[in-house]
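Engineer: So that we are looking at the same thing, I have put the structure below in structure tokens.
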Amino acid sequence: MNMHSTSHPWPTAPLRETVSVDPIVLQIVEGTLNSIEAEIEYAIERTARSPMIREAHDFRVGLFDRYCRKLTGRSYSAMPNGVVRDFPPETMKPGDVFLMNDTYLTEGSIGHLPDLCSTVPVFHGGEVVAYIQAFGHHDDVGGRVPGSMPGTAATVFEEGIAIPPVKIYSEGVRNDAVFTIVRRNTRVPEMLSADLDSEIQACLMGARRMGGLFERFGREQVEACFQAILDKCRDIYRNELLAKIADGEYSWEDYVEHDGITDPKLHKIALKMTKKGGKITLDFNGTDPQSTGPINWPADYADGAFLIKWIAPILRNLADTPERAAEIHVNEGVCDVFEVIFPPKGTLITPEWPAATNARSFVLLRVLGLLAGVVAQAVDGRMPADQETIRYTGFFGTDLDGKSFLSREVLGGGSGGRYYADGNDAIHIVPDSRNQPAEFTETRFPLLVEKLALRTDSGGAGLRRGGQGYEKHYRALVDCRTIVTADRVRLGCYGLNGGKAGQPFCVTVDAEGEGYDLGGLVDGEAVLKGQVVRVVTTGGGGWGDPLQRELELVLRDVIEGRVSLASAENDYGVVFTVAGATGQPEINEAATKQRRADLAKAQTATPEMIDRGIGYEKMLRGEHRPRMR
Amino acid sequence: MSSPSLAARFRIGIDTGGTFTDIVSVDTQSGATQVTKVASTPANPAIGLLRGVNEILAAAGATTDDVAGLAHGTTVATNALLQGEINSLGLIVNAGFRHILEIARQSVPEGYGNSYFWVKPDRIVPLQFVREAGGRLDFRGNELRPLDEASVREAAQYFRAQGIRAIGICLLHSYANDTHERRAAEIVAEEYPDATLSLSCVVLPEYREYERAVTTLVDAFVKPHMERYLKRVHQELGAGLQDKPFLVMQSSGGVASADQVVRKPITTALSGPAAGALGSAVIAEIAGFPDLVTLDAGGTSTDLCLIEGGKPHVTNGGSVGPFPVRIPMIDIETIGTGGGSIAWISREGHLKVGPRSAGAEPGPMCYPNGGKEPTITDANLVLGRIPPSLIGGGIALNVARAREGIAALAARLPGNMSVEQLASGIIEIANWSQANAIRQMTIQRGIDPRAFALLSFGGAGPAQSAAVMDLLAMKACIVPPNPGNLSAFGLLAVDWRTDHIVTKVMHEDVIDLADVAARYAALERDAVATLERDGIEASRIRLVREADIRYAGQSMEVRVTAPGGAVDATFLSGLIGAFNAAHRRTFGYDYAGQQKIELVNLCVSGFGLIERPQMPKLAGGTGNTAPKSSRAVYFGAGFVDTPVFDRASLPPAGRVNGPAVVEEFGSTTVVFPGQYVEVDPHGILVIRALSSQDKSSQELPR
């Protein structure tokens, strides 16, 4: 990254060799920063109203120093750079609060419009010394469809209200005009303004706490601690994680298979990683042009600071143990280790306004798997296989009492196998994100949950199997419409080191049997009363050769219904006989030995390190038909 | 208990912990209390229990005839859950929902991206022992499909063949209609009479099927453990005590008879800690600090609890270990610092304190056969804050060894710190981490800690708590007498309690008051019947109605007390008013008049009131406060010659300015420079900042 050579409309931190800092104060400051972040999150969790924030936990808090450097590392977050660009710190006053969500005017920190973000400056001795920020994924900011995520949008104008950085509170006085405009542009004005209140109040509380730290220990000491905290992250990356990657160049590419308008189409994201000493360069040249539909991710701002903080955590998988990986917090210090080379304007990750971005999570999440796949090649495949755990499904219409309703849920999927463990079943990448209890769904919405299960055979086969995705069936009790924003509907999550790809996502509507596949970007397909919508989510990729999987693990998978008898035989080479009396399957050892030997022989030479699955080959052969209706 | 004879005047509280069993007796006529401690007998805790009872009777010069009743705090359920291997459990769910435990709520704990390396722990019931039953209800309790009895029978036969002993049944919407669950239970009992059964409509008739299923399974799992234990206690008590009322502390902060507890043993999941919170509530009332954060610092961890308005906070969103247990429990947070927390240097070269702990084995470096790394206790010792001997003065602590450990650590850190500077820093880091934990806990519950006092008990608390009070600008730090026996004391101050709940979601616009009235009446009948089964006279029964309410559209409810009397329009407006007020108190805002509400759960708690024990006042002393000795204690800049007081010799209304040290059996209290301590009439130590004196009558500044 060229932070020190490029000039920015925000202050740049001076270059320092090493800082000397009191080890005791350092611990207190670091512990208190983490506590402040948690306190703000607790306050929002308690006071926000959107289910997306309360249940799905889709909100993030960030603490930054006066150079807009992120200090805490439990989660990714937005960035204050856009605010500081438009409102120089010397013009800020205590009690000012800023609001923004414009995907093209926030220096890469906001990816889609529902993420309204509040920023509060922290003052000490009359000067701005830090920033506190929170954004939540709000339920609706207007646009063409309820939920503000139109899967077939071509421009931002279809996606809702866009707010460049504005002052929403000026020295403690609310700018009612901004509130009035925002409220007029959402389908849920009460909920949205309550969410904003919640986020703003929580940030103000956090700012008072942060100010207290400066008062207690003095600016010089606190800022020295900030630097030491950033340096610690940088050094862990350099000394511990990068040390596992041999110097050299590694390349790969991955794809998104639809954009809601052009369907199907392989949208390529290309990455060349150059590792040299304590530095990694990520070059995205070769990435396909921006899409007509809404999968664009405006990432080429602030030297890629957001992108780096977003994808660098994937390298934690190189830590010696999963417990160690969980200890490593990623803050702005990691930006000293990575440099990003963006392609020219006009690609999937450098789109030009007003390209639509509401489904940018497809590209955003794919880039995580892309970097993991590139790194895997440098470390003999000792990275996790792929996962895809965010998609939105929902229903809207008029309920039995004549009131309009909107039900939305973020369903996870299976995670990829690791060299030390199978992938996890039905999990979500967002920490503490929760699904909806069937009893909640049925009480609130005219829906009946007929099935909530793991999807058999969805996890890719492997020595360490991919985790299973969901199988959830909703029966509509009224005529209504369904909305879906989902990726990996043809390309399964990739398998690694001999492991197979997992099963892709699929949503079908049927009237008892004759189902039709809706694809992944659905803007309000009609569902008739009594029809069942079946959602099956992605399984994780497998890791390692499934023919090496321990027999007792295959047996358990079969008994528990995670793996079918057919898959056991065809993918794992394990042959079962079903004992008559108990109905309990038993392994036929002789047949298994033979079957595994046959399958091993049939394998062509050395398999690729990464298995993209059958869906990819079918796309190359042009065998997928469009599903948009 | 219904008509105790005049002779039966002793009430005995027994709190069984991991190491010690604490016993307190109160003479209900004189108010005199006796306390003692015996070693716990984990293999059969009933033995330690009886030994303690006999010991305290001997000390009081009484016989079993003099005993009016016993109240017991037990960790049997907790230990079974946290230490025991969980096996032999089965679950019956609706067709289509067999993976309910595997899926849970799909959440991955902590930071972003952890889903790549996190490993999902094994479920409480392996998938092969989760069986499906056909049949379905809707959320109003209407039957959509009849129960498929054959599928239940098949499941029961399968469990029997597999040797599954305890079975949970959790069917969708059973809180609205329990007939499918009850019929399923009949069928299982026919096919497999030896099985232990728990029904979700009994354990937790409340919506959210995953949490209800786990709570039901936890109940099923602890049931055989509790039955076996209480049977043993009954045997051990022998002829003289078997017929006396024997009450067990529940996690909710009330007691119930052994008979009730066996029906729903999950209510005892946090029996022990709940007793401590109840004891704290008694102190809160006596000391005149109704709003408290309690801090119980042990060797490896510290328990925090909130007392508001003299009552411990109760949550129905708690968990025991990894298991969500959604029944009312005293709201206790545990954090990973205690006296045995180790000071160490991370691989990045940074100083850390905890969460690794030397515990009781091997213990701090200064202990005989102590560990190899310095702990918080070692730091307190080298600073002179705690005496150089273990409880009572029996065993000498090795100051030199503690110094060596800390010096070795200092040598590996930058800045040429002295042993005292580092020791003081270790304590400072620990204090900040406790203060941050208290802040997080209070913010989560919408409370400002500055309006609260800190109550410190447990062996490792009082040496530091006054400094934690300072960091949070709390009103005072108070240390009760016999801080080690607070839990056993709490057992004697507890009312009978039984909680009943039903889910019925009603939007404000469609609330059927007759239906609400009928449901409250049914819950009240259940509560009264439960208390009457324990022999509580009608005159001692109090019923409290509560309701869980949310603004329509929210998914989290606030529990508020509902008016008694007729359920009419006035009732409803009172209830909504109470909700708006509670919402404002907790979240800082409300939508009174703007937003409609939804009733979610109706609850009734039945209380059987008891006579509370009086805490004896200190004998009137002279007010002359003389130290027993003095020693050099390190505070901030250097060593200060500091007076050391024997707590037993502190007279009521005595007052000492810090720095000062107050020693007693098992605990040491440190009063820091800039603070003072006062002894209240009951011997409770109250520490405040000297700077707070002139404004003690007004609110602290923001």
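All residue names refer to the structure tokens as shown: chains lettered A, B, ... in order, residues numbered from 1 in each chain, ligands numbered from 1 in order.
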Counting only C-alpha atoms, collect the residues of chain A whose closest atom lies at most 6 Å from chain B, and write them out as a PyMOL selection string.

Structural biologist: chain A and resi 24+28+39+42+47+49+74-75+322+424+426-435+437+439+443+451-453+560

Engineer: What lies within 6 Å of range 273-286 of chain B using only C-alpha atoms, ignoring chain neighbours under 4 positions off, as a CSV table (one decimal) with N, CA and C atoms, in the first residue's frame?

Structural biologist:
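Writing the result to result.csv gives the following:
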chain,number,residue,atom,x,y,z
B,251,SER,N,-32.2,-21.8,41.1
B,251,SER,CA,-31.4,-20.7,40.4
B,251,SER,C,-32.2,-19.4,40.4
B,253,GLY,N,-33.6,-17.9,42.7
B,253,GLY,CA,-33.4,-17.2,44.0
B,253,GLY,C,-34.6,-17.4,44.9
B,290,PRO,N,-29.4,-0.4,48.3
B,290,PRO,CA,-30.2,-1.3,47.6
B,290,PRO,C,-29.7,-1.6,46.2
B,310,GLY,N,-32.7,-3.8,46.0
B,310,GLY,CA,-32.6,-4.9,47.0
B,310,GLY,C,-32.9,-6.2,46.4
B,311,LYS,N,-33.1,-6.4,45.1
B,311,LYS,CA,-33.4,-7.7,44.6
B,311,LYS,C,-32.4,-8.0,43.5
B,330,ILE,N,-30.9,-16.3,38.6
B,330,ILE,CA,-30.2,-15.2,39.0
B,330,ILE,C,-29.1,-14.9,38.0
B,486,LEU,N,-21.4,-16.0,53.1
B,486,LEU,CA,-22.5,-15.2,52.6
B,486,LEU,C,-23.6,-16.1,52.0
B,487,SER,N,-23.1,-17.1,51.2
B,487,SER,CA,-24.1,-18.0,50.5
B,487,SER,C,-24.9,-18.7,51.5
B,489,PHE,N,-25.6,-18.0,54.5
B,489,PHE,CA,-26.5,-17.0,55.2
B,489,PHE,C,-27.7,-16.7,54.3
B,490,GLY,N,-27.4,-16.6,53.0
B,490,GLY,CA,-28.5,-16.2,52.0
B,490,GLY,C,-29.6,-17.3,52.0
B,491,LEU,N,-29.2,-18.5,52.2
B,491,LEU,CA,-30.2,-19.6,52.2
B,491,LEU,C,-31.3,-19.4,53.3

Engineer: Write out as a PyMOL selection string the residues lying within 7 Å of range 598-608 of chain B, counting only C-alpha atoms and excluding same-chain residues fewer than 5 positions away.

Structural biologist: chain B and resi 495-508+523-524+527-528+531+536+540-552

Engineer: What parts of range 217-439 of chain A does DSSP call strand (DSSP E)? I'd like the answer as a PyMOL selection string.

Structural biologist: chain A and resi 248-256+267-276+279-283+338-341+392-398+404-410

Engineer: Provide the CA of Leu685 in chain B to CA of Asp22 in chain B distance in Å, to one decimal place.

Structural biologist: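 Separating CA of Leu685 in chain B from CA of Asp22 in chain B is a distance of 21.8 Å.
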
Engineer: Using the chain letters and numbers from this document, which residues of range 11-242 of chain A does DSSP assign to alpha helix (DSSP H), as a VMD selection string?

Structural biologist: chain A and resid 23 to 47 51 to 54 81 to 86 176 to 184 189 to 217 219 to 235

Engineer: Need to verify the contact set: Asn380 in chain B, 8 Å, only C-alpha atoms, exclusion of same-chain residues closer than 2 positions in sequence. Can you return it as a list in words?

Structural biologist: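 Non-adjacent residues within range: Ile376, Thr377, Asp378, Val382, Leu383, Gly384, Arg385, Ile386, Ala423, Ser424, Ile427 and Ala463 of chain B.
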
Engineer: To one decimal in Å, tell me the separation between CA of Ala134 in chain A and CA of Pro80 in chain A.

Structural biologist: 10.1 Å

Engineer: Can you tell me which residues surround range 32-38 of chain A at a distance of at most 7 Å, considering only C-alpha atoms, apart from same-chain residues fewer than 2 positions away, and format the answer as a PyMOL selection string?

Structural biologist: (chain A and resi 28-30+40-42+61-62+72+206+209) or (chain B and resi 436)

Engineer: Just C-alpha atoms for this one: save the residues we selected as a compact mmCIF listing (two decimals), in the first residue's frame.

Structural biologist:
# COMPACT_ATOMS: atom_id res chain seq x y z
CA ILE A 28 -4.91 -1.33 30.10
CA VAL A 29 -5.44 0.68 26.91
CA GLU A 30 -5.71 -2.42 24.72
CA ILE A 40 -21.07 -0.10 22.01
CA GLU A 41 -22.15 -3.37 20.42
CA TYR A 42 -24.10 -4.36 23.54
CA VAL A 61 -18.52 -1.07 15.37
CA GLY A 62 -15.11 0.45 14.81
CA THR A 72 -9.68 -2.99 17.30
CA GLY A 206 -18.24 5.08 23.25
CA ARG A 209 -15.33 6.35 27.19
CA ASN B 436 -14.38 -3.16 32.13

Engineer: Would you mind listing what lies within 12 Å of Pro607 in chain A as a ChimeraX atom specification, with only C-alpha atoms counted and same-chain residues fewer than 4 positions away left out?

Structural biologist: /A:495-500,544-545,600,602-603,611-612

Engineer: Write out as a VMD selection string which residues come within 10 Å of Ala220 in chain B when counting only C-alpha atoms, dropping same-chain ones fewer than 4 positions away.

Structural biologist: chain B and resid 89 to 91 165 to 169 195 to 199 203 214 to 216 224 to 225 264 to 266

Engineer: Rank B:Leu50, B:Val255, B:Leu137, B:Val93 by their smallest atom-to-atom distance to Arg212 in chain B, using only C-alpha atoms, and report the top residue only.

Structural biologist: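 Of the candidates, the smallest distance to Arg212 in chain B is held by B:Val93.
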
Engineer: Smallest atom-to-atom distance to Asp470 in chain B: which of B:Thr78, B:Gln434, B:Thr179, B:Gln34, using only C-alpha atoms?

Structural biologist: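 The closest residue to Asp470 in chain B is B:Gln434.
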
Engineer: Please report the interatomic distance between CA of Thr302 in chain B and CA of Gly272 in chain B in Å with one decimal.

Structural biologist: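 Value for the CA of Thr302 in chain B-CA of Gly272 in chain B distance: 14.3 Å.
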
Engineer: Using only C-alpha atoms, which of A:Glu240, A:Asp22, A:Asp457, A:Asp231 sits nearest Ala325 in chain A?

Structural biologist: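 Ranked by minimum distance to Ala325 in chain A, first place goes to A:Glu240.
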